[in-house]
$ cat input_10.cif   # mmCIF, N, CA and C atoms and all ligand atoms
data_work
#
loop_
_atom_site.label_atom_id
_atom_site.label_comp_id
_atom_site.auth_asym_id
_atom_site.auth_seq_id
_atom_site.Cartn_x
_atom_site.Cartn_y
_atom_site.Cartn_z
N MET N 1 -8.97 58.59 -44.97
CA MET N 1 -7.58 58.87 -44.59
C MET N 1 -6.81 57.57 -44.37
N ARG N 2 -7.40 56.69 -43.58
CA ARG N 2 -6.72 55.43 -43.31
C ARG N 2 -6.50 54.64 -44.60
N ARG N 3 -7.51 54.68 -45.50
CA ARG N 3 -7.41 53.95 -46.75
C ARG N 3 -6.25 54.50 -47.60
N THR N 4 -6.08 55.83 -47.60
CA THR N 4 -5.01 56.47 -48.37
C THR N 4 -3.65 56.00 -47.86
N VAL N 5 -3.54 55.97 -46.53
CA VAL N 5 -2.27 55.55 -45.94
C VAL N 5 -1.99 54.10 -46.30
N THR N 6 -2.99 53.25 -46.21
CA THR N 6 -2.81 51.83 -46.53
C THR N 6 -2.38 51.68 -47.99
N ALA N 7 -3.03 52.45 -48.89
CA ALA N 7 -2.68 52.38 -50.31
C ALA N 7 -1.25 52.83 -50.52
N ALA N 8 -0.84 53.87 -49.82
CA ALA N 8 0.53 54.38 -49.97
C ALA N 8 1.54 53.34 -49.51
N ILE N 9 1.22 52.67 -48.41
CA ILE N 9 2.13 51.64 -47.90
C ILE N 9 2.21 50.49 -48.90
N ALA N 10 1.06 50.10 -49.46
CA ALA N 10 1.04 49.02 -50.43
C ALA N 10 1.89 49.38 -51.64
N CYS N 11 1.80 50.61 -52.12
CA CYS N 11 2.59 51.05 -53.28
C CYS N 11 4.08 51.00 -52.96
N ALA N 12 4.44 51.48 -51.78
CA ALA N 12 5.84 51.50 -51.40
C ALA N 12 6.38 50.08 -51.32
N TRP N 13 5.52 49.16 -50.82
CA TRP N 13 5.95 47.77 -50.68
C TRP N 13 6.18 47.14 -52.04
N ILE N 14 5.26 47.41 -52.97
CA ILE N 14 5.39 46.86 -54.33
C ILE N 14 6.66 47.42 -54.98
N ALA N 15 6.89 48.73 -54.83
CA ALA N 15 8.07 49.35 -55.42
C ALA N 15 9.34 48.72 -54.84
N ALA N 16 9.33 48.48 -53.54
CA ALA N 16 10.51 47.90 -52.90
C ALA N 16 10.72 46.47 -53.40
N ALA N 17 9.63 45.72 -53.56
CA ALA N 17 9.74 44.33 -54.01
C ALA N 17 10.26 44.27 -55.44
N THR N 18 9.90 45.25 -56.26
CA THR N 18 10.31 45.27 -57.66
C THR N 18 11.82 45.45 -57.82
N VAL N 19 12.41 46.31 -56.98
CA VAL N 19 13.84 46.57 -57.11
C VAL N 19 14.67 45.66 -56.20
N ALA N 20 13.99 44.72 -55.52
CA ALA N 20 14.67 43.90 -54.51
C ALA N 20 15.91 43.16 -55.03
N SER N 21 15.89 42.71 -56.28
CA SER N 21 17.02 41.92 -56.77
C SER N 21 18.31 42.73 -56.82
N ALA N 22 18.20 44.06 -56.99
CA ALA N 22 19.39 44.90 -57.04
C ALA N 22 19.82 45.35 -55.65
N GLU N 23 18.96 45.11 -54.69
CA GLU N 23 19.24 45.55 -53.32
C GLU N 23 20.10 44.53 -52.60
N PRO N 24 20.87 44.99 -51.59
CA PRO N 24 21.67 44.04 -50.82
C PRO N 24 20.78 43.07 -50.05
N PRO N 25 21.24 41.84 -49.81
CA PRO N 25 20.46 40.88 -49.04
C PRO N 25 20.35 41.32 -47.59
N ALA N 26 19.44 40.70 -46.84
CA ALA N 26 19.25 41.03 -45.43
C ALA N 26 20.57 40.94 -44.69
N GLY N 27 20.87 41.96 -43.94
CA GLY N 27 22.09 41.92 -43.13
C GLY N 27 23.26 42.64 -43.76
N ALA N 28 23.30 42.73 -45.09
CA ALA N 28 24.46 43.34 -45.75
C ALA N 28 24.60 44.82 -45.39
N ALA N 29 23.47 45.48 -45.17
CA ALA N 29 23.53 46.90 -44.82
C ALA N 29 24.21 47.09 -43.47
N ALA N 30 24.15 46.06 -42.63
CA ALA N 30 24.78 46.15 -41.31
C ALA N 30 26.30 46.16 -41.43
N CYS N 31 26.83 45.67 -42.53
CA CYS N 31 28.29 45.61 -42.70
C CYS N 31 28.85 46.93 -43.19
N SER N 32 28.07 47.63 -44.02
CA SER N 32 28.63 48.81 -44.68
C SER N 32 28.76 50.01 -43.76
N GLY N 33 28.26 49.88 -42.52
CA GLY N 33 28.50 50.95 -41.56
C GLY N 33 29.99 51.03 -41.24
N CYS N 34 30.65 49.90 -41.28
CA CYS N 34 32.09 49.84 -40.99
C CYS N 34 32.90 49.53 -42.26
N HIS N 35 32.44 48.52 -43.03
CA HIS N 35 33.14 48.16 -44.27
C HIS N 35 32.53 48.96 -45.41
N PRO N 36 33.34 49.68 -46.20
CA PRO N 36 32.76 50.44 -47.30
C PRO N 36 32.08 49.52 -48.31
N SER N 37 30.95 49.96 -48.85
CA SER N 37 30.22 49.12 -49.80
C SER N 37 30.72 49.29 -51.23
N SER N 38 31.66 50.20 -51.45
CA SER N 38 32.24 50.30 -52.78
C SER N 38 33.76 50.28 -52.63
N ALA N 39 34.44 50.09 -53.75
CA ALA N 39 35.90 49.97 -53.70
C ALA N 39 36.59 51.33 -53.72
N ARG N 40 35.81 52.39 -53.82
CA ARG N 40 36.39 53.73 -53.92
C ARG N 40 36.55 54.40 -52.56
N GLY N 41 37.53 55.27 -52.48
CA GLY N 41 37.72 56.09 -51.29
C GLY N 41 38.50 55.37 -50.21
N PRO N 42 39.14 56.13 -49.32
CA PRO N 42 39.94 55.52 -48.25
C PRO N 42 39.05 54.94 -47.16
N SER N 43 39.54 53.90 -46.47
CA SER N 43 38.78 53.32 -45.37
C SER N 43 39.73 52.64 -44.40
N PRO N 44 39.50 52.82 -43.10
CA PRO N 44 40.34 52.15 -42.11
C PRO N 44 39.97 50.67 -41.95
N VAL N 45 38.78 50.28 -42.38
CA VAL N 45 38.34 48.89 -42.25
C VAL N 45 38.43 48.21 -43.61
N ALA N 46 38.84 46.94 -43.61
CA ALA N 46 39.02 46.19 -44.86
C ALA N 46 37.79 46.27 -45.76
N ARG N 47 38.03 46.33 -47.06
CA ARG N 47 36.93 46.35 -48.02
C ARG N 47 36.34 44.98 -48.22
N LEU N 48 35.04 44.91 -48.37
CA LEU N 48 34.38 43.64 -48.71
C LEU N 48 33.99 43.66 -50.17
N ALA N 49 33.71 44.85 -50.69
CA ALA N 49 33.28 44.99 -52.09
C ALA N 49 34.33 44.42 -53.03
N GLY N 50 33.90 43.50 -53.90
CA GLY N 50 34.80 42.93 -54.89
C GLY N 50 35.70 41.82 -54.35
N ARG N 51 35.57 41.52 -53.05
CA ARG N 51 36.38 40.44 -52.46
C ARG N 51 35.84 39.09 -52.90
N ASP N 52 36.71 38.08 -52.89
CA ASP N 52 36.29 36.74 -53.25
C ASP N 52 35.23 36.25 -52.28
N ARG N 53 34.17 35.67 -52.84
CA ARG N 53 33.05 35.20 -52.04
C ARG N 53 33.48 34.17 -50.98
N ALA N 54 34.26 33.19 -51.40
CA ALA N 54 34.69 32.13 -50.48
C ALA N 54 35.55 32.68 -49.35
N GLU N 55 36.31 33.72 -49.66
CA GLU N 55 37.18 34.34 -48.65
C GLU N 55 36.33 35.01 -47.56
N ILE N 56 35.28 35.69 -47.97
CA ILE N 56 34.39 36.35 -47.00
C ILE N 56 33.69 35.29 -46.15
N VAL N 57 33.20 34.22 -46.79
CA VAL N 57 32.50 33.16 -46.07
C VAL N 57 33.44 32.51 -45.04
N LYS N 58 34.67 32.21 -45.45
CA LYS N 58 35.62 31.57 -44.54
C LYS N 58 35.93 32.49 -43.35
N ALA N 59 36.17 33.77 -43.65
CA ALA N 59 36.47 34.71 -42.56
C ALA N 59 35.31 34.76 -41.56
N MET N 60 34.07 34.79 -42.06
CA MET N 60 32.91 34.85 -41.17
C MET N 60 32.81 33.59 -40.31
N HIS N 61 33.06 32.43 -40.92
CA HIS N 61 33.00 31.17 -40.15
C HIS N 61 34.10 31.13 -39.10
N ASP N 62 35.30 31.59 -39.48
CA ASP N 62 36.42 31.59 -38.53
C ASP N 62 36.18 32.57 -37.37
N PHE N 63 35.57 33.70 -37.69
CA PHE N 63 35.25 34.67 -36.63
C PHE N 63 34.21 34.05 -35.70
N ARG N 64 33.22 33.40 -36.29
CA ARG N 64 32.12 32.84 -35.51
C ARG N 64 32.60 31.73 -34.59
N SER N 65 33.50 30.89 -35.07
CA SER N 65 33.98 29.76 -34.27
C SER N 65 35.05 30.19 -33.26
N GLY N 66 35.58 31.41 -33.44
CA GLY N 66 36.63 31.86 -32.54
C GLY N 66 38.02 31.49 -33.02
N GLU N 67 38.08 30.80 -34.18
CA GLU N 67 39.37 30.38 -34.74
C GLU N 67 40.20 31.59 -35.14
N ARG N 68 39.52 32.63 -35.57
CA ARG N 68 40.22 33.84 -35.94
C ARG N 68 39.93 34.92 -34.91
N ALA N 69 41.00 35.51 -34.36
CA ALA N 69 40.85 36.54 -33.34
C ALA N 69 40.23 37.80 -33.95
N ALA N 70 39.42 38.49 -33.15
CA ALA N 70 38.77 39.69 -33.64
C ALA N 70 38.42 40.61 -32.49
N THR N 71 38.24 41.89 -32.81
CA THR N 71 37.79 42.82 -31.78
C THR N 71 36.27 42.92 -31.80
N VAL N 72 35.68 42.94 -32.99
CA VAL N 72 34.22 43.05 -33.08
C VAL N 72 33.58 41.97 -33.95
N MET N 73 34.33 41.45 -34.94
CA MET N 73 33.72 40.54 -35.91
C MET N 73 33.27 39.22 -35.32
N ASP N 74 33.90 38.77 -34.24
CA ASP N 74 33.47 37.51 -33.62
C ASP N 74 32.01 37.62 -33.17
N ARG N 75 31.69 38.76 -32.55
CA ARG N 75 30.32 38.95 -32.08
C ARG N 75 29.35 39.16 -33.24
N ILE N 76 29.78 39.93 -34.23
CA ILE N 76 28.91 40.20 -35.38
C ILE N 76 28.63 38.90 -36.14
N ALA N 77 29.67 38.10 -36.37
CA ALA N 77 29.50 36.87 -37.15
C ALA N 77 28.53 35.90 -36.49
N LYS N 78 28.47 35.94 -35.17
CA LYS N 78 27.55 35.04 -34.45
C LYS N 78 26.09 35.38 -34.72
N GLY N 79 25.84 36.57 -35.22
CA GLY N 79 24.45 36.98 -35.46
C GLY N 79 23.91 36.54 -36.81
N PHE N 80 24.72 35.82 -37.61
CA PHE N 80 24.27 35.45 -38.95
C PHE N 80 24.27 33.95 -39.17
N THR N 81 23.25 33.46 -39.88
CA THR N 81 23.18 32.04 -40.21
C THR N 81 24.09 31.78 -41.43
N ASP N 82 24.34 30.51 -41.73
CA ASP N 82 25.16 30.16 -42.89
C ASP N 82 24.55 30.73 -44.18
N ASP N 83 23.23 30.62 -44.31
CA ASP N 83 22.57 31.11 -45.52
C ASP N 83 22.73 32.62 -45.66
N GLU N 84 22.61 33.32 -44.55
CA GLU N 84 22.77 34.78 -44.59
C GLU N 84 24.20 35.15 -44.97
N ILE N 85 25.15 34.44 -44.42
CA ILE N 85 26.56 34.70 -44.74
C ILE N 85 26.82 34.46 -46.23
N GLN N 86 26.27 33.35 -46.76
CA GLN N 86 26.44 33.05 -48.19
C GLN N 86 25.87 34.17 -49.05
N ALA N 87 24.67 34.64 -48.69
CA ALA N 87 24.01 35.68 -49.49
C ALA N 87 24.78 37.00 -49.42
N ILE N 88 25.23 37.34 -48.23
CA ILE N 88 25.97 38.60 -48.05
C ILE N 88 27.30 38.53 -48.80
N ALA N 89 28.00 37.40 -48.69
CA ALA N 89 29.30 37.24 -49.36
C ALA N 89 29.13 37.31 -50.87
N ALA N 90 28.08 36.67 -51.38
CA ALA N 90 27.85 36.69 -52.84
C ALA N 90 27.57 38.11 -53.30
N TRP N 91 26.81 38.84 -52.51
CA TRP N 91 26.46 40.21 -52.90
C TRP N 91 27.69 41.11 -52.90
N TYR N 92 28.49 41.02 -51.83
CA TYR N 92 29.70 41.86 -51.78
C TYR N 92 30.68 41.50 -52.89
N ALA N 93 30.79 40.23 -53.22
CA ALA N 93 31.72 39.80 -54.27
C ALA N 93 31.35 40.42 -55.62
N GLU N 94 30.07 40.71 -55.80
CA GLU N 94 29.61 41.29 -57.07
C GLU N 94 29.75 42.80 -57.12
N GLN N 95 30.00 43.45 -55.98
CA GLN N 95 30.10 44.91 -55.96
C GLN N 95 31.44 45.34 -56.53
N LYS N 96 31.42 46.48 -57.22
CA LYS N 96 32.67 46.98 -57.83
C LYS N 96 33.42 47.85 -56.83
C1 LIG V 1 31.31 47.63 -35.99
C2 LIG V 1 32.03 47.64 -37.24
C3 LIG V 1 31.89 46.40 -38.15
C4 LIG V 1 30.74 45.87 -38.68
C5 LIG V 1 29.31 46.34 -38.48
C6 LIG V 1 31.15 44.76 -39.51
N1 LIG V 1 32.51 44.62 -39.47
FE1 LIG V 1 33.61 43.17 -40.44
N2 LIG V 1 35.30 43.88 -39.56
C7 LIG V 1 35.37 44.94 -38.67
C8 LIG V 1 36.72 45.01 -38.08
C9 LIG V 1 37.19 46.03 -37.07
C10 LIG V 1 37.44 43.94 -38.66
C11 LIG V 1 38.88 43.48 -38.33
C12 LIG V 1 38.75 42.27 -37.39
C13 LIG V 1 38.31 42.67 -35.98
O1 LIG V 1 39.06 43.36 -35.30
O2 LIG V 1 37.19 42.29 -35.55
C14 LIG V 1 36.55 43.28 -39.62
C15 LIG V 1 36.91 42.22 -40.42
C16 LIG V 1 36.07 41.59 -41.34
C17 LIG V 1 36.46 40.59 -42.32
C18 LIG V 1 37.87 40.12 -42.57
C19 LIG V 1 38.51 41.11 -43.54
C20 LIG V 1 39.90 40.73 -43.96
O3 LIG V 1 40.58 41.58 -44.56
O4 LIG V 1 40.33 39.59 -43.74
C21 LIG V 1 35.35 40.19 -42.98
C22 LIG V 1 35.25 39.17 -44.11
C23 LIG V 1 34.25 40.95 -42.43
N3 LIG V 1 34.72 41.80 -41.43
C24 LIG V 1 32.95 40.82 -42.83
C25 LIG V 1 31.87 41.53 -42.30
C26 LIG V 1 30.50 41.32 -42.70
C27 LIG V 1 30.04 40.31 -43.74
C28 LIG V 1 29.75 42.19 -41.95
C29 LIG V 1 28.24 42.35 -41.94
C30 LIG V 1 27.49 41.14 -41.62
C31 LIG V 1 30.66 42.95 -41.11
N4 LIG V 1 31.93 42.53 -41.35
C32 LIG V 1 30.28 43.95 -40.23
C33 LIG V 1 34.34 45.80 -38.35
C34 LIG V 1 33.00 45.60 -38.65
#
$ encode --input "input_10.cif" --output "structure tokens" --more "lines below"
Ligand code: HEC
Amino acid sequence: MRRTVTAAIACAWIAAATVASAEPPAGAAACSGCHPSSARGPSPVARLAGRDRAEIVKAMHDFRSGERAATVMDRIAKGFTDDEIQAIAAWYAEQK
């Protein structure tokens, strides 16, 4: 029984690793709870999908430093490293 479970977990891990390149980078899923991950449909929160990569990076840095006022993004931006912000911004910029 234990061996079957271990094998199943190993298979799931391999499957996840195989499709990883099409998946959002770490942290990006945390944004789409508020920011829609696609450009379709109405949304009260600004879209990130299809936005310029540099624009997203700058906004995150400004939120993090406090240069740009925010209700929630200042706290959220503090939770991400520069590398994570770059990866998330690049991923959103590629979304349609
Ligand atoms: C809890 C909801 C929430 C989450 C989660 C969230 N945001 Fe935001 N975001 C907002 C709100 C609300 C604003 C408007 C600024 C403010 O009031 O904080 C905003 C603004 C922004 C802006 C500026 C948009 C513009 O039009 O200038 C960017 C860029 C952004 N968020 C990126 C992100 C990224 C990247 C993540 C994930 C790491 C994320 N947000 C997660 C709610 C959220």
$ closest_residue --input "input_10.cif" --among "N:Ala49, N:Ala77, N:Val72, N:Ala90" --to "ligand LIG 1 (chain V)" --atoms "all atoms listed in the file"
N:Val72
$ select_by_dssp --input "input_10.cif" --residues "segment 11-93 of chain N" --states "helix (DSSP H, G or I)" --output "ChimeraX atom specification"
/N:11-18,20-22,28-31,53-65,73-77,82-93
$ residues_near_ligand --input "input_10.cif" --ligand "ligand LIG 1 (chain V)" --cutoff "8 Å" --atoms "only N, CA and C atoms and all ligand atoms" --output "number ranges by chain"
N: 26-35, 44-48, 55-61, 63, 68-77, 79-80, 84-85, 88-89
$ atom_distance --input "input_10.cif" --atom1 "atom CA of Arg51 of chain N" --atom2 "atom CA of Glu67 of chain N"
20.6 Å
$ atom_distance --input "input_10.cif" --atom1 "atom N of Glu94 of chain N" --atom2 "atom CA of Arg40 of chain N"
14.6 Å
$ closest_residue --input "input_10.cif" --among "N:Gly66, N:Pro24, N:Gly50, N:Gly41" --to "Gln95 of chain N" --atoms "only C-alpha atoms"
N:Gly50
$ closest_residue --input "input_10.cif" --among "N:Ser43, N:Glu23, N:Ser38, N:Asp62" --to "Ala93 of chain N" --atoms "only C-alpha atoms"
N:Ser38
$ atom_distance --input "input_10.cif" --atom1 "atom N of Asp52 of chain N" --atom2 "atom N of Lys78 of chain N"
19.7 Å
